[in-house]
>>> print(open('structure11.pdb').read())   # PDB, C-alpha atoms
ATOM      1  CA  MET A 232     177.657-165.484  39.093
ATOM      2  CA  LEU A 233     176.057-162.794  36.924
ATOM      3  CA  GLU A 234     178.444-159.880  36.878
ATOM      4  CA  GLY A 235     177.420-156.830  34.890
ATOM      5  CA  LEU A 236     173.639-157.274  35.178
ATOM      6  CA  ALA A 237     173.151-153.675  36.265
ATOM      7  CA  GLN A 238     174.429-152.556  32.860
ATOM      8  CA  ILE A 239     171.586-154.309  31.004
ATOM      9  CA  GLY A 240     168.789-152.150  32.398
ATOM     10  CA  PRO A 241     165.037-152.623  32.190
ATOM     11  CA  SER A 242     162.920-152.103  29.098
ATOM     12  CA  ARG A 243     159.761-150.001  29.012
ATOM     13  CA  GLN A 244     157.695-153.157  29.578
ATOM     14  CA  THR A 245     159.837-154.550  32.424
ATOM     15  CA  ARG A 246     160.716-151.373  34.352
ATOM     16  CA  GLU A 247     157.881-151.749  36.906
ATOM     17  CA  TYR A 248     158.807-155.399  37.499
ATOM     18  CA  TRP A 249     162.471-154.573  38.214
ATOM     19  CA  GLU A 250     161.583-151.578  40.391
ATOM     20  CA  GLY A 251     159.378-153.888  42.456
ATOM     21  CA  CYS A 252     162.235-156.384  42.774
ATOM     22  CA  LYS A 253     164.515-153.626  44.111
ATOM     23  CA  ARG A 254     161.891-153.070  46.842
ATOM     24  CA  ARG A 255     161.697-156.860  47.303
ATOM     25  CA  GLU A 256     158.118-156.923  46.055
ATOM     26  CA  LEU A 257     157.214-159.492  43.429
ATOM     27  CA  ARG A 258     154.770-157.740  41.109
ATOM     28  CA  ILE A 259     153.244-159.368  38.053
ATOM     29  CA  GLN A 260     151.556-157.580  35.178
ATOM     30  CA  ARG A 261     147.813-158.159  34.779
ATOM     31  CA  CYS A 262     145.490-156.955  32.046
ATOM     32  CA  ALA A 263     143.342-154.152  33.441
ATOM     33  CA  ASP A 264     140.456-155.194  31.183
ATOM     34  CA  CYS A 265     140.203-159.012  31.173
ATOM     35  CA  GLY A 266     142.280-159.739  34.312
ATOM     36  CA  HIS A 267     144.703-162.235  32.757
ATOM     37  CA  PHE A 268     148.174-162.269  34.283
ATOM     38  CA  ARG A 269     151.142-162.162  31.939
ATOM     39  CA  PHE A 270     154.816-162.762  32.379
ATOM     40  CA  PRO A 271     157.065-161.728  30.838
ATOM     41  CA  PRO A 272     155.440-158.283  30.729
ATOM     42  CA  LEU A 273     154.019-157.247  27.375
ATOM     43  CA  SER A 274     152.721-153.998  25.925
ATOM     44  CA  GLY A 275     149.423-155.675  25.036
ATOM     45  CA  CYS A 276     147.268-158.512  26.330
ATOM     46  CA  ARG A 277     147.555-161.739  24.361
ATOM     47  CA  ASP A 278     143.996-162.669  25.410
ATOM     48  CA  CYS A 279     141.964-159.528  24.658
ATOM     49  CA  ALA A 280     144.499-157.202  22.938
ATOM     50  CA  SER A 281     144.014-154.457  25.527
ATOM     51  CA  THR A 282     146.978-152.159  26.120
ATOM     52  CA  ARG A 283     145.842-151.338  29.662
ATOM     53  CA  ALA A 284     147.809-153.080  32.416
ATOM     54  CA  GLU A 285     148.249-153.012  36.171
ATOM     55  CA  TRP A 286     150.967-154.415  38.403
ATOM     56  CA  VAL A 287     149.766-156.737  41.142
ATOM     57  CA  PRO A 288     151.842-157.825  44.153
ATOM     58  CA  VAL A 289     151.947-161.616  44.543
ATOM     59  CA  SER A 290     153.137-163.862  47.364
ATOM     60  CA  GLY A 291     155.923-165.628  45.496
ATOM     61  CA  ARG A 292     154.582-169.065  46.373
ATOM     62  CA  GLY A 293     154.368-171.533  43.538
ATOM     63  CA  ARG A 294     155.575-174.804  42.146
ATOM     64  CA  VAL A 295     158.050-176.118  39.622
ATOM     65  CA  PHE A 296     156.329-176.291  36.238
ATOM     66  CA  SER A 297     159.488-177.398  34.392
ATOM     67  CA  PHE A 298     163.243-177.397  34.979
ATOM     68  CA  THR A 299     166.633-178.271  33.620
ATOM     69  CA  ILE A 300     170.046-178.797  35.161
ATOM     70  CA  VAL A 301     172.794-176.890  33.353
ATOM     71  CA  VAL A 302     176.056-178.837  33.265
ATOM     72  CA  HIS A 303     177.823-176.974  30.464
ATOM     73  CA  PRO A 304     178.381-173.232  31.024
ATOM     74  CA  ALA A 305     176.894-171.189  28.198
ATOM     75  CA  ILE A 306     179.012-168.172  29.133
ATOM     76  CA  PRO A 307     182.356-167.963  30.976
ATOM     77  CA  GLN A 308     180.852-165.972  33.882
ATOM     78  CA  VAL A 309     178.966-169.069  35.127
ATOM     79  CA  SER A 310     181.663-171.705  34.598
ATOM     80  CA  GLU A 311     182.325-171.984  38.342
ATOM     81  CA  ASP A 312     178.615-172.423  39.103
ATOM     82  CA  VAL A 313     177.819-175.555  37.080
ATOM     83  CA  PRO A 314     175.858-177.601  37.667
ATOM     84  CA  TYR A 315     172.985-175.222  38.393
ATOM     85  CA  ASN A 316     169.248-175.398  37.905
ATOM     86  CA  VAL A 317     166.919-173.282  35.812
ATOM     87  CA  VAL A 318     163.259-173.627  36.740
ATOM     88  CA  VAL A 319     159.977-172.401  35.352
ATOM     89  CA  VAL A 320     157.843-171.445  38.361
ATOM     90  CA  GLU A 321     154.075-171.413  38.104
ATOM     91  CA  LEU A 322     152.880-168.813  40.616
ATOM     92  CA  ASP A 323     149.949-169.728  42.894
ATOM     93  CA  ASP A 324     148.286-166.316  42.910
ATOM     94  CA  ALA A 325     149.020-165.277  39.317
ATOM     95  CA  PRO A 326     147.426-167.943  37.092
ATOM     96  CA  GLY A 327     149.091-168.115  33.693
ATOM     97  CA  ALA A 328     152.245-166.286  34.804
ATOM     98  CA  ARG A 329     155.390-168.395  34.786
ATOM     99  CA  LEU A 330     158.681-167.026  36.027
ATOM    100  CA  ILE A 331     162.118-168.362  35.033
ATOM    101  CA  SER A 332     164.460-168.511  38.006
ATOM    102  CA  ASN A 333     166.541-170.861  40.165
ATOM    103  CA  VAL A 334     165.887-172.960  43.256
ATOM    104  CA  LEU A 335     168.501-172.322  45.933
ATOM    105  CA  ASP A 336     169.787-174.704  48.584
ATOM    106  CA  VAL A 337     168.664-177.899  46.875
ATOM    107  CA  ALA A 338     170.552-180.717  45.180
ATOM    108  CA  PRO A 339     169.846-181.055  41.445
ATOM    109  CA  GLU A 340     168.474-184.576  41.905
ATOM    110  CA  ASP A 341     165.923-183.329  44.463
ATOM    111  CA  ILE A 342     164.161-180.904  42.106
ATOM    112  CA  HIS A 343     160.970-182.247  40.560
ATOM    113  CA  VAL A 344     157.929-181.016  38.666
ATOM    114  CA  GLY A 345     155.272-179.973  41.177
ATOM    115  CA  MET A 346     157.797-179.162  43.924
ATOM    116  CA  GLU A 347     156.336-176.428  46.122
ATOM    117  CA  LEU A 348     158.447-173.272  46.300
ATOM    118  CA  GLU A 349     158.638-169.984  48.154
ATOM    119  CA  LEU A 350     160.279-166.740  47.127
ATOM    120  CA  VAL A 351     163.648-165.563  48.409
ATOM    121  CA  TRP A 352     165.494-162.440  47.290
ATOM    122  CA  ASP A 353     169.060-162.541  46.008
ATOM    123  CA  GLU A 354     171.295-159.515  45.452
ATOM    124  CA  PRO A 355     174.245-160.775  43.372
ATOM    125  CA  GLU A 356     175.577-157.228  43.000
ATOM    126  CA  PRO A 357     174.528-153.786  44.255
ATOM    127  CA  ASP A 358     171.188-152.597  42.812
ATOM    128  CA  VAL A 359     170.458-155.974  41.202
ATOM    129  CA  VAL A 360     167.793-157.828  43.182
ATOM    130  CA  LEU A 361     166.562-161.106  41.726
ATOM    131  CA  PRO A 362     163.656-163.308  42.710
ATOM    132  CA  ARG A 363     164.898-166.821  43.461
ATOM    133  CA  PHE A 364     163.131-169.707  45.131
ATOM    134  CA  ARG A 365     163.682-172.399  47.734
ATOM    135  CA  PRO A 366     161.677-175.460  48.663
ATOM    136  CA  ALA A 367     158.597-174.365  50.618
ATOM    137  CA  SER A 368     158.770-174.964  54.341
TER     138      SER A 368
END
>>> encode(input="structure11.pdb", output="structure tokens")
Amino acid sequence: MLEGLAQIGPSRQTREYWEGCKRRELRIQRCADCGHFRFPPLSGCRDCASTRAEWVPVSGRGRVFSFTIVVHPAIPQVSEDVPYNVVVVELDDAPGARLISNVLDVAPEDIHVGMELELVWDEPEPDVVLPRFRPAS
């Protein structure tokens, strides 16, 4: 579905996140001063302006905060995959952090706000490991 992702590469702010994903560890950035979680990773805290951060492992359990079903492919590489879902996942143990991902193994009409999710790892190509989700068991 997403050929060529390995060519994009992580930024200075996201490197630790992607390295954790390669190890199949979901790690979310947290301000080392005020403790607020932030995702996507930033160079400074939006709450206290501190530039000190730490990376905290989280369980990957959460719920659907928002979602959409894509029926028109935005790029040719995903034309065979429509319809597919894009979800905003609110993580249980990282308040304030919301991850954009997909829910696997579920019909589009079964996704709903508040749906409980658990993390699964997907490797669409070598060295590209993505956090995806499935309905919690």
>>> closest_residue(input="structure11.pdb", among="A:Ile342, A:Ala328, A:Glu356, A:Leu322", to="A:Gly293", atoms="all atoms listed in the file")
A:Leu322
>>> atom_distance(input="structure11.pdb", atom1="atom CA of A:Pro304", atom2="atom CA of A:Val318")
16.2 Å
>>> resolve_selection(input="structure11.pdb", expression="the PyMOL selection byres ((chain A and resi 347) around 8)", output="number ranges by chain")
A: 292-295, 345-346, 348-349, 366-367
>>> residues_around(input="structure11.pdb", residues="stretch 269-271 of chain A", least_positions_apart="4", cutoff="9 Å", atoms="all atoms listed in the file", output="VMD selection string")
chain A and resid 244 to 245 259 to 262 276 to 277 325 to 330
>>> resolve_selection(input="structure11.pdb", expression="the PyMOL selection byres ((chain A and resi 246-252) around 10)", output="list in words")
Gly240, Pro241, Ser242, Arg243, Gln244, Thr245, Lys253, Arg254, Arg255, Glu256, Leu257, Arg258, Ile259, Gln260, Phe270, Pro271, Pro272, Glu285, Trp286, Val287, Pro288, Trp352, Asp353, Glu354, Asp358, Val359, Val360, Leu361 and Pro362 of chain A
>>> atom_distance(input="structure11.pdb", atom1="atom CA of A:Asn333", atom2="atom CA of A:Ala284")
27.0 Å
>>> residues_around(input="structure11.pdb", residues="A:Glu311", least_positions_apart="3", cutoff="12 Å", atoms="all atoms listed in the file", output="PDB file with C-alpha atoms, in the frame of the given file")
ATOM      1  CA  MET A 232     177.657-165.484  39.093  1.00  0.00           C
ATOM      2  CA  LEU A 233     176.057-162.794  36.924  1.00  0.00           C
ATOM      3  CA  VAL A 301     172.794-176.890  33.353  1.00  0.00           C
ATOM      4  CA  VAL A 302     176.056-178.837  33.265  1.00  0.00           C
ATOM      5  CA  HIS A 303     177.823-176.974  30.464  1.00  0.00           C
ATOM      6  CA  PRO A 304     178.381-173.232  31.024  1.00  0.00           C
ATOM      7  CA  ALA A 305     176.894-171.189  28.198  1.00  0.00           C
ATOM      8  CA  ILE A 306     179.012-168.172  29.133  1.00  0.00           C
ATOM      9  CA  PRO A 307     182.356-167.963  30.976  1.00  0.00           C
ATOM     10  CA  GLN A 308     180.852-165.972  33.882  1.00  0.00           C
ATOM     11  CA  PRO A 314     175.858-177.601  37.667  1.00  0.00           C
ATOM     12  CA  TYR A 315     172.985-175.222  38.393  1.00  0.00           C
TER      13      TYR A 315
END
>>> atom_distance(input="structure11.pdb", atom1="atom CA of A:Asp278", atom2="atom CA of A:Val344")
26.6 Å
>>> decode(input="structure11.pdb", residues="stretch 336-368 of chain A", atoms="N, CA and C atoms", output="mmCIF file, in the first residue's frame")
data_model
loop_
_atom_site.group_PDB
_atom_site.id
_atom_site.type_symbol
_atom_site.label_atom_id
_atom_site.label_comp_id
_atom_site.auth_asym_id
_atom_site.auth_seq_id
_atom_site.Cartn_x
_atom_site.Cartn_y
_atom_site.Cartn_z
ATOM 1 N N ASP A 336 -8.720 -5.244 9.968
ATOM 2 C CA ASP A 336 -9.661 -6.354 10.163
ATOM 3 C C ASP A 336 -11.016 -5.918 10.688
ATOM 4 N N VAL A 337 -11.529 -4.807 10.161
ATOM 5 C CA VAL A 337 -12.854 -4.344 10.557
ATOM 6 C C VAL A 337 -13.528 -3.689 9.349
ATOM 7 N N ALA A 338 -14.817 -3.939 9.215
ATOM 8 C CA ALA A 338 -15.575 -3.322 8.122
ATOM 9 C C ALA A 338 -15.751 -1.833 8.400
ATOM 10 N N PRO A 339 -15.712 -1.002 7.364
ATOM 11 C CA PRO A 339 -15.857 0.443 7.574
ATOM 12 C C PRO A 339 -17.083 0.815 8.402
ATOM 13 N N GLU A 340 -18.190 0.137 8.172
ATOM 14 C CA GLU A 340 -19.428 0.485 8.890
ATOM 15 C C GLU A 340 -19.398 0.089 10.373
ATOM 16 N N ASP A 341 -18.405 -0.702 10.775
ATOM 17 C CA ASP A 341 -18.316 -1.125 12.174
ATOM 18 C C ASP A 341 -17.446 -0.202 13.024
ATOM 19 N N ILE A 342 -16.740 0.718 12.410
ATOM 20 C CA ILE A 342 -15.900 1.651 13.170
ATOM 21 C C ILE A 342 -16.794 2.741 13.751
ATOM 22 N N HIS A 343 -16.540 3.101 15.008
ATOM 23 C CA HIS A 343 -17.311 4.157 15.641
ATOM 24 C C HIS A 343 -16.463 4.890 16.677
ATOM 25 N N VAL A 344 -16.821 6.133 16.927
ATOM 26 C CA VAL A 344 -16.137 6.920 17.952
ATOM 27 C C VAL A 344 -16.308 6.192 19.284
ATOM 28 N N GLY A 345 -15.223 6.086 20.032
ATOM 29 C CA GLY A 345 -15.233 5.391 21.313
ATOM 30 C C GLY A 345 -14.866 3.922 21.220
ATOM 31 N N MET A 346 -14.765 3.375 20.014
ATOM 32 C CA MET A 346 -14.400 1.968 19.840
ATOM 33 C C MET A 346 -13.061 1.698 20.503
ATOM 34 N N GLU A 347 -13.000 0.678 21.345
ATOM 35 C CA GLU A 347 -11.760 0.333 22.031
ATOM 36 C C GLU A 347 -10.828 -0.411 21.081
ATOM 37 N N LEU A 348 -9.544 -0.023 21.139
ATOM 38 C CA LEU A 348 -8.542 -0.547 20.207
ATOM 39 C C LEU A 348 -7.317 -1.064 20.945
ATOM 40 N N GLU A 349 -6.593 -1.946 20.255
ATOM 41 C CA GLU A 349 -5.290 -2.394 20.744
ATOM 42 C C GLU A 349 -4.305 -2.343 19.592
ATOM 43 N N LEU A 350 -3.061 -2.150 19.946
ATOM 44 C CA LEU A 350 -1.975 -1.983 18.981
ATOM 45 C C LEU A 350 -1.608 -3.295 18.306
ATOM 46 N N VAL A 351 -1.348 -3.214 17.012
ATOM 47 C CA VAL A 351 -0.718 -4.295 16.251
ATOM 48 C C VAL A 351 0.359 -3.651 15.381
ATOM 49 N N TRP A 352 1.393 -4.402 15.073
ATOM 50 C CA TRP A 352 2.484 -3.861 14.259
ATOM 51 C C TRP A 352 2.346 -4.357 12.831
ATOM 52 N N ASP A 353 2.613 -3.484 11.891
ATOM 53 C CA ASP A 353 2.524 -3.798 10.469
ATOM 54 C C ASP A 353 3.849 -3.416 9.819
ATOM 55 N N GLU A 354 4.385 -4.303 9.000
ATOM 56 C CA GLU A 354 5.630 -4.022 8.286
ATOM 57 C C GLU A 354 5.356 -4.097 6.787
ATOM 58 N N PRO A 355 4.882 -2.972 6.191
ATOM 59 C CA PRO A 355 4.509 -2.994 4.779
ATOM 60 C C PRO A 355 5.691 -3.179 3.832
ATOM 61 N N GLU A 356 6.883 -2.858 4.297
ATOM 62 C CA GLU A 356 8.102 -3.106 3.530
ATOM 63 C C GLU A 356 9.255 -3.220 4.527
ATOM 64 N N PRO A 357 10.370 -3.813 4.114
ATOM 65 C CA PRO A 357 11.483 -3.988 5.054
ATOM 66 C C PRO A 357 11.914 -2.664 5.696
ATOM 67 N N ASP A 358 12.144 -2.706 6.998
ATOM 68 C CA ASP A 358 12.595 -1.555 7.791
ATOM 69 C C ASP A 358 11.556 -0.450 7.961
ATOM 70 N N VAL A 359 10.319 -0.713 7.593
ATOM 71 C CA VAL A 359 9.231 0.237 7.839
ATOM 72 C C VAL A 359 8.201 -0.485 8.704
ATOM 73 N N VAL A 360 8.168 -0.134 9.983
ATOM 74 C CA VAL A 360 7.253 -0.759 10.930
ATOM 75 C C VAL A 360 6.285 0.317 11.409
ATOM 76 N N LEU A 361 5.001 0.058 11.195
ATOM 77 C CA LEU A 361 3.968 1.047 11.504
ATOM 78 C C LEU A 361 3.035 0.555 12.600
ATOM 79 N N PRO A 362 2.664 1.446 13.510
ATOM 80 C CA PRO A 362 1.654 1.074 14.489
ATOM 81 C C PRO A 362 0.271 1.150 13.854
ATOM 82 N N ARG A 363 -0.434 0.051 13.903
ATOM 83 C CA ARG A 363 -1.832 -0.003 13.427
ATOM 84 C C ARG A 363 -2.655 -0.490 14.622
ATOM 85 N N PHE A 364 -3.938 -0.586 14.431
ATOM 86 C CA PHE A 364 -4.807 -0.986 15.531
ATOM 87 C C PHE A 364 -5.829 -1.996 15.049
ATOM 88 N N ARG A 365 -6.416 -2.691 16.009
ATOM 89 C CA ARG A 365 -7.533 -3.602 15.749
ATOM 90 C C ARG A 365 -8.500 -3.443 16.918
ATOM 91 N N PRO A 366 -9.743 -3.869 16.722
ATOM 92 C CA PRO A 366 -10.676 -3.805 17.833
ATOM 93 C C PRO A 366 -10.117 -4.583 19.028
ATOM 94 N N ALA A 367 -10.251 -4.020 20.217
ATOM 95 C CA ALA A 367 -9.721 -4.671 21.416
ATOM 96 C C ALA A 367 -10.491 -5.966 21.680
ATOM 97 N N SER A 368 -9.746 -6.966 22.126
ATOM 98 C CA SER A 368 -10.391 -8.245 22.430
ATOM 99 C C SER A 368 -10.863 -8.277 23.857
#
